[in-house]
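Read through the structure below, which is laid out as C-alpha cells, and then see the notes.
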Amino acid sequence: MQTKRSFQQLIFTLVLSLFGFLSQAQKTGSFKGKVIEKSTKQPIIGANIRINNTSLGASTDADGVFTINNIPAGSYLVTVSIIGFQTKELTDINVTSSKTYYTEIELLEDVTNLSEVVVKVFKGEVNPLTPVSTFSLNREEIFRNPGAGGDIMRALSILPGVVSSGSQFSAIAARGQGTQDNVYMVDDIPMFNLSHLEAEGFNSGFNDPNGGRFSIFAPRIIDNVQFQNGGFDVTNGRKASSYLGLGIKEGNKETWSFVGQFDLLGATLVADGPISKKTSLFSTARYQNLAPTVNMTGTGNFGAVYFGDYLLKTTTDLNSKNKLSFIAMYNPERAYRTIDDVDADTDINGDNSPGNNLFNNTGSKTMIGLNLRTLVSSTSYWKNVLYFRASNTDNKFGRFTPSLNNEGMIIDPKSGYYVSNLRNIINNQQEIGYRSIYTKKYKKASFTVGVDAMLVDLEYRRILSNTDTMFVYRSNDVRPNPAQRYQIITPDSFNANFENSAINGAAYASLSWNVSDKFTLNPGLRYDYFGFSEHSTISPRISGSYAFNEKQSLNFAAGIYYQDLGYSDIASQDPNNKLKPEETIQAILGYKYQFSPDLKLVVESWTKRFYALVVQPNRFQGTFNNDGTGNAFGADITLVKRLTNKINGQVGYSFMESKRDDNNGQGEYDYTFSVPHTLNALISYKPNNKWLFSGKYRYSTGRPTDAYIVHEDVLNNPNKLRYSQEITAINGDRLADYMALDIRIDYYKQMKKGLFSAFLDLGNVSGRFNEATKLFVPQTGKVFNIGLGVFPTFGVRFEL
C-alpha cells in the first residue's frame with residue numbers, strides 16, 4: 001500500500017514537473033534573422049548578435065542567417081556587431097511566447113579609421129549617402145508616439161523643421177514648403193498621397209493646403225521609416241521639399257501570428273506568416289467609422305465619415321540571389337453630410353461644425369507593385385520595380401441657408417434654400433510605372449544609376465450646376481462692379497473637362513566617394529521629362545560629410561529640385577497654357593555631435609529659393625501661371641536620446657521664415673506654413689516589460705491666415721441679410737499660437753501563446769482647439785473653426 005502511494009506521489013510529482021516545464025517552454029520564443037550589407041545587399045558572415053543583459057547570442061552563418069532559441073518572452077535590446085561595420089543596436093525586439101521574431105538587418109560599412117562607432121538607430125540614419133536632415137523610426141516608435149494613434153504623419157510632426165496642420169490633420173509640411181511637396185515612397189513605389197479625406201472635401205470644393213485627415217496605413221504596418229528633410233539625392237525627384245520612404249513589414253518566415261486591434265474608431269486584423277518554404281505573407285484589413293466617437297465627443301451635425309485600408313504583401317526568396325516582393329493596397333473612403341444630418345437647435349457658427357456646407361464625397365486609392373532585387377555580383381545589386389497606382393475621387397458639394405434665431409441657432413434646416421450638388425469635382429488619376437536602379441560598390445566609392453518611366457492618365461471634371469454667389473473674395477479679384485461685395489461664379493468660368501495621358505521619364509546617376517577616411521562626397525545628376533508640360537529639366541545635387549573625430553562631423557547638401565505640377569492644376573488649364581515645373585534651389589549645412597552611443601545633438605541651417613511657382617490670379621477661375629517666386633530660410637537644433645536604461649526622448653527647436661510673391665502687384669506675403677518658432681519635446685519611460693508611459697509637448701507660432709474685413713447686408717435686402725468676407729491681405733494675420741500636450745500609456749501582458757496589450761492615447765489633453773481651417777458663414781458674418789476635433793483613443797490588441 002505504501003509502495004502504491006509512493007508510486008502515485010512520484011507520478012503526481014512528474015506530472016507537475018512536466019506541466020511546469022511545458023508552462024515555462026510556452027513562455028519562451030525565438031529570434032531569427034538575416035544580416036546583410038546595406039550598400040550591396042550581400043549576406044554578412046560571422047556577425048555577432050547579442051541580446052543585451054542576457055547570456056544569449058549567436059553568429060551568422062554562410063548565408064548571413066542566425067537563430068537564438070529559448071528566449072524568455074519580453075522586449076529586448078539587441079546588439080549586432082562585426083569588425084569593419086558600424087555596430088548597430090536595435091530596440092523593441094519583442095519576443096512572444098511560442099513564436100519566432102524574424103527580421104532582416106542591414107549594416108553600414110565603417111569607412112573611417114576612427115574609434116568604433118555604435119549606432120543606436122534604425123535603417124539609414126548614419127549613412128554617408130544621407131548625411132543631412134535624416135531621421136528614422138521603427139514601427140514600435142510610430143505606434144507608441146503620443147497623440148499619433150499609430151499615424152505616421154502625426155508621429156513625424158515631432159521632427160525638426162516639420163510643421164503639421166494641427167492635430168486633426170495627417171499631413172506634414174517641411175522647411176517652408178507645403179503638404180503636397182514631399183516625395184512619398186512605399187517599398188520604392190511612388191505614391192500620390194498617404195492620407196484619407198484630403199481637406200478639399202471639407203472646404204466647399206476649393207483646395208485646402210492642410211492635407212488629409214487619417215493615414216492610409218493601419219498601426220504597425222510600417223516596419224521602418226526614413227525621413228530626409230531636404231537635401232535628398234538624385235534617386236528621388238519630381239517633388240522639391242522632403243523625402244519619406246516607408247518600408248512595409250515583410251511576413252514572418254518562421255511562424256504564423258494573428259493580431260486583432262480594437263479601438264474607439266473600429267478594428268484592425270492582421271495575418272502574418274509563411275505560406276511556403278520560400279514565401280511569407282503579411283496582410284491587414286482595417287475599418288474605421290467616426291460616428292460613435294463623434295457622438296461621444298459631442299461633435300454633432302457632421303454627417304458620416306468612414307474608410308477602410310486593406311493591404312497584402314508577399315515576399316519570396318526565389319533563390320540565393322533574387323528576392324521578389326508583391327504588394328497590393330486598396331483604400332476606400334466616404335464622407336457625407338446631407339440636410340437630414342443637420343439638427344435644429346444647433347449653432348451654425350459652432351467650432352468643429354461644417355457650417356452651412358453639405359457634401360457627399362467618395363474616393364479610393366489603389367496600388368499594386370512588384371519589386372525584384374537581384375544580387376548581380378558580390379559588389380553589386382539591381383532593383384527593378386513595376387507598379388500601378390490610381391486615385392479616384394467624386395466629390396459633391398452643396399449648401400443650405402436655414403432659418404436662424406438671433407443667436408445663430410438653427411430653427412429648421414429645411415426651412416430655407418438648400419442644394420446637395422451645387423459643385424461636382426471628379427478627379428481620377430492612374431499611373432503605370434517602371435523603375436530600374438543599379439548599384440555597384442568599389443573599394444573607395446559606390447555608383448548608382450537608374451531610370452524611371454511612367455504613363456499617366458488623367459480624367460478631371462469640374463461642374464457647377466448653376467450660377468453661384470460667393471461671399472468670400474479677395475480685394476484684387478476681378479469683379480464686373482468693384483462696388484459689388486461678393487463674387488458671382490458662372491458655369492462657363494468654373495467648369496472644366498480634361499481627359500488625356502502623357503509619358504513622364506527620369507534618368508539619374510550618383511557617386512558616393514570616400515575621398516579620405518574622414519571625408520565623403522556624394523555628387524549626382526538627374527534628368528526629368530514632364531509629359532503634360534512638355535518640359536525637360538536637369539538637377540545637379542551634391543552632399544557630403546567631414547568627420548573631425550569619432551564624435552563630431554560637419555555635413556552639407558545643395559542642389560536643384562523640380563516640382564511636378566498638381567494634376568488637377570494641369571487638367572483645369574487651356575490646352576495652350578503649358579505650365580512649367582516649379583524650381584527650388586536649396587542648401588543645408590549641419591553639425592553633429594555624438595555625446596554617447598545613445599545621445600546625439602544635431603544643428604542645421606538651411607536656405608531655399610523658389611522660382612516659376614504656380615499661382616492663380618483669380619481663385620474663382622481655373623487659370624494658372626508660373627509668375628510666383630519666393631524664399632525660405634531657417635535653422636533646427638535637436639537633441640535625441642535613444643531607448644537605453646528605460647528612458648528615451650527628444651527635444652528640438654526650429655526657426656523658419658518662408659515668403660512668397662505672386663508678382664501681381666500685391667507684394668510679398670508669408671507662406672501658409674511659415675512658422676517662425678517651433679518647440680517639440682518627447683519623453684518615454686519604460687520601467688519594465690509591462691508598462692510604458694510617454695508624453696509629447698508641441699508649441700509653435702500661429703500659422704499665417706488671411707486678413708479680412710466683413711461687410712454687412714451686401715445684397716441690400718434686409719429680408720435676406722447676407723454678410724461677405726473681403727480678404728484684404730493674403731496671410732496678413734496669424735492664428736493663435738499652437739500648443740498641445742499628448743499623453744499615452746501602454747500595457748503589455750505575455751500570455752502562454754501570445755501577447756495582450758492595451759493603450760490609452762490622449763491627444764491635446766489641454767483641450768485647446770487651435771486648428772488651421774476656418775469657415776465664414778454669410779448668414780451671420782461669423783468665422784469659426786472647422787474640423788473633426790481631436791479624439792481620445794483607447795484600444796486593446798491581441799496577438800496569437
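Lettering and numbering for the C-alpha cells are positional, with chains as A, B, ... in the shown order, residues counted from 1 in each chain, and ligands counted from 1 in the shown order.
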
Q: Using DSSP on the backbone coordinates, identify all residues within region 312-471 of chain A classified as strand (DSSP E or B); present the result as a PyMOL selection string.
A: chain A and resi 312-317+322-337+347+357-377+380-404+409-441+445-464+468-470

Q: Identify, on the basis of only C-alpha atoms, every residue whose closest approach to Trp691 (chain A) does not exceed 10 Å; exclude the query and any residue fewer than 5 positions from it along the same chain; express the result as a ChimeraX atom specification.
A: /A:685-686,745-749,757-759

Dump N, CA, C and O atoms for the selected residues as a JSON list (two decimals), in the first residue's frame?
[["chain", "number", "residue", "atom", "x", "y", "z"],
["A", 685, "TYR", "N", 9.12, 56.59, -20.84],
["A", 685, "TYR", "CA", 9.71, 55.86, -19.71],
["A", 685, "TYR", "C", 9.14, 54.45, -19.70],
["A", 685, "TYR", "O", 7.92, 54.25, -19.70],
["A", 686, "LYS", "N", 10.04, 53.46, -19.69],
["A", 686, "LYS", "CA", 9.66, 52.05, -19.71],
["A", 686, "LYS", "C", 10.23, 51.38, -18.46],
["A", 686, "LYS", "O", 11.35, 50.88, -18.48],
["A", 745, "ILE", "N", -0.36, 55.84, -22.52],
["A", 745, "ILE", "CA", 0.00, 54.75, -21.60],
["A", 745, "ILE", "C", -0.21, 53.44, -22.33],
["A", 745, "ILE", "O", -1.27, 53.20, -22.92],
["A", 746, "ASP", "N", 0.82, 52.58, -22.30],
["A", 746, "ASP", "CA", 0.73, 51.24, -22.90],
["A", 746, "ASP", "C", 0.95, 50.18, -21.83],
["A", 746, "ASP", "O", 1.82, 50.33, -20.95],
["A", 747, "TYR", "N", 0.17, 49.11, -21.95],
["A", 747, "TYR", "CA", 0.29, 47.97, -21.02],
["A", 747, "TYR", "C", 0.43, 46.69, -21.84],
["A", 747, "TYR", "O", -0.30, 46.49, -22.82],
["A", 748, "TYR", "N", 1.38, 45.82, -21.43],
["A", 748, "TYR", "CA", 1.65, 44.57, -22.15],
["A", 748, "TYR", "C", 1.57, 43.40, -21.17],
["A", 748, "TYR", "O", 2.07, 43.48, -20.04],
["A", 749, "LYS", "N", 0.97, 42.32, -21.62],
["A", 749, "LYS", "CA", 0.87, 41.12, -20.80],
["A", 749, "LYS", "C", 1.16, 39.91, -21.66],
["A", 749, "LYS", "O", 0.43, 39.62, -22.62],
["A", 757, "SER", "N", -2.17, 43.46, -25.23],
["A", 757, "SER", "CA", -1.75, 44.82, -24.90],
["A", 757, "SER", "C", -2.96, 45.74, -24.93],
["A", 757, "SER", "O", -3.96, 45.48, -25.61],
["A", 758, "ALA", "N", -2.86, 46.80, -24.18],
["A", 758, "ALA", "CA", -3.91, 47.84, -24.15],
["A", 758, "ALA", "C", -3.23, 49.19, -24.12],
["A", 758, "ALA", "O", -2.10, 49.32, -23.63],
["A", 759, "PHE", "N", -3.91, 50.19, -24.66],
["A", 759, "PHE", "CA", -3.31, 51.52, -24.68],
["A", 759, "PHE", "C", -4.39, 52.58, -24.52],
["A", 759, "PHE", "O", -5.55, 52.39, -24.90]]

Could you give me, as a tab-separated table, every region 303-410 of chain A residue with an atom at most 10 Å from region 173-188 of chain A, plus its closest atom pair and distance in Å to one decimal, counting only C-alpha atoms, rows ordered by chain then number?
residue	atom	partner	partner_atom	distance
A:Ser325	CA	A:Asp187	CA	9.0
A:Phe326	CA	A:Asp187	CA	9.8
A:Ile327	CA	A:Asp187	CA	8.6
A:Met367	CA	A:Val186	CA	9.8
A:Gly369	CA	A:Asp187	CA	8.8
A:Leu370	CA	A:Asp187	CA	9.4
A:Asn371	CA	A:Asp187	CA	7.8
A:Lys383	CA	A:Asp188	CA	9.5
A:Asn384	CA	A:Asp188	CA	9.6
A:Val385	CA	A:Asp188	CA	7.4
A:Leu386	CA	A:Asp188	CA	9.9
A:Tyr387	CA	A:Asp188	CA	9.8

Q. Contacts of Arg797 (chain A) at 12 Å or less, counting only C-alpha atoms, minus same-chain residues fewer than 2 places along, as number ranges by chain?
A. A: 219-220, 258-263, 267-270, 746-750, 754-760, 794-795, 799-800

Filtering to C-alpha atoms, could you give me those residues as a PDB file, in the first residue's frame?
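The resulting file, part11.pdb, is reproduced below:
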ATOM      1  CA  PRO A 219      -0.922  50.872 -36.991  1.00  0.00           C
ATOM      2  CA  ARG A 220       2.205  48.674 -37.043  1.00  0.00           C
ATOM      3  CA  PHE A 258      -2.814  36.646 -35.941  1.00  0.00           C
ATOM      4  CA  VAL A 259      -3.492  40.062 -34.481  1.00  0.00           C
ATOM      5  CA  GLY A 260      -6.702  41.892 -33.667  1.00  0.00           C
ATOM      6  CA  GLN A 261      -6.770  45.510 -32.540  1.00  0.00           C
ATOM      7  CA  PHE A 262      -9.994  47.157 -31.406  1.00  0.00           C
ATOM      8  CA  ASP A 263     -10.348  50.836 -30.559  1.00  0.00           C
ATOM      9  CA  ALA A 267     -10.949  47.329 -35.783  1.00  0.00           C
ATOM     10  CA  THR A 268      -7.760  46.110 -37.464  1.00  0.00           C
ATOM     11  CA  LEU A 269      -6.970  42.460 -38.286  1.00  0.00           C
ATOM     12  CA  VAL A 270      -3.529  41.151 -39.254  1.00  0.00           C
ATOM     13  CA  ASP A 746       0.733  51.242 -22.904  1.00  0.00           C
ATOM     14  CA  TYR A 747       0.291  47.975 -21.024  1.00  0.00           C
ATOM     15  CA  TYR A 748       1.646  44.567 -22.149  1.00  0.00           C
ATOM     16  CA  LYS A 749       0.868  41.117 -20.796  1.00  0.00           C
ATOM     17  CA  GLN A 750       2.570  37.989 -22.071  1.00  0.00           C
ATOM     18  CA  GLY A 754       0.626  35.242 -27.475  1.00  0.00           C
ATOM     19  CA  LEU A 755       0.581  38.802 -26.275  1.00  0.00           C
ATOM     20  CA  PHE A 756      -2.167  41.049 -24.926  1.00  0.00           C
ATOM     21  CA  SER A 757      -1.747  44.820 -24.904  1.00  0.00           C
ATOM     22  CA  ALA A 758      -3.909  47.836 -24.146  1.00  0.00           C
ATOM     23  CA  PHE A 759      -3.314  51.522 -24.685  1.00  0.00           C
ATOM     24  CA  LEU A 760      -4.798  54.889 -23.829  1.00  0.00           C
ATOM     25  CA  PHE A 794      -8.431  53.608 -26.258  1.00  0.00           C
ATOM     26  CA  GLY A 795      -7.778  50.175 -27.632  1.00  0.00           C
ATOM     27  CA  GLU A 799      -1.517  38.707 -30.842  1.00  0.00           C
ATOM     28  CA  LEU A 800      -1.823  34.939 -31.142  1.00  0.00           C
TER      29      LEU A 800
END

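Proximity to Gln552 (chain A) at 6 Å, evaluated using only C-alpha atoms and with sequence-adjacent residues fewer than 3 positions away removed, yields Ala547, Phe548, Asn549, Lys592 and Tyr593 of chain A.
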
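For the set A:Pro413, A:Gly74, A:Asp477, A:Ile463, the residue with the smallest atom-to-atom gap to Asp492 (chain A) is A:Ile463, counting only C-alpha atoms.
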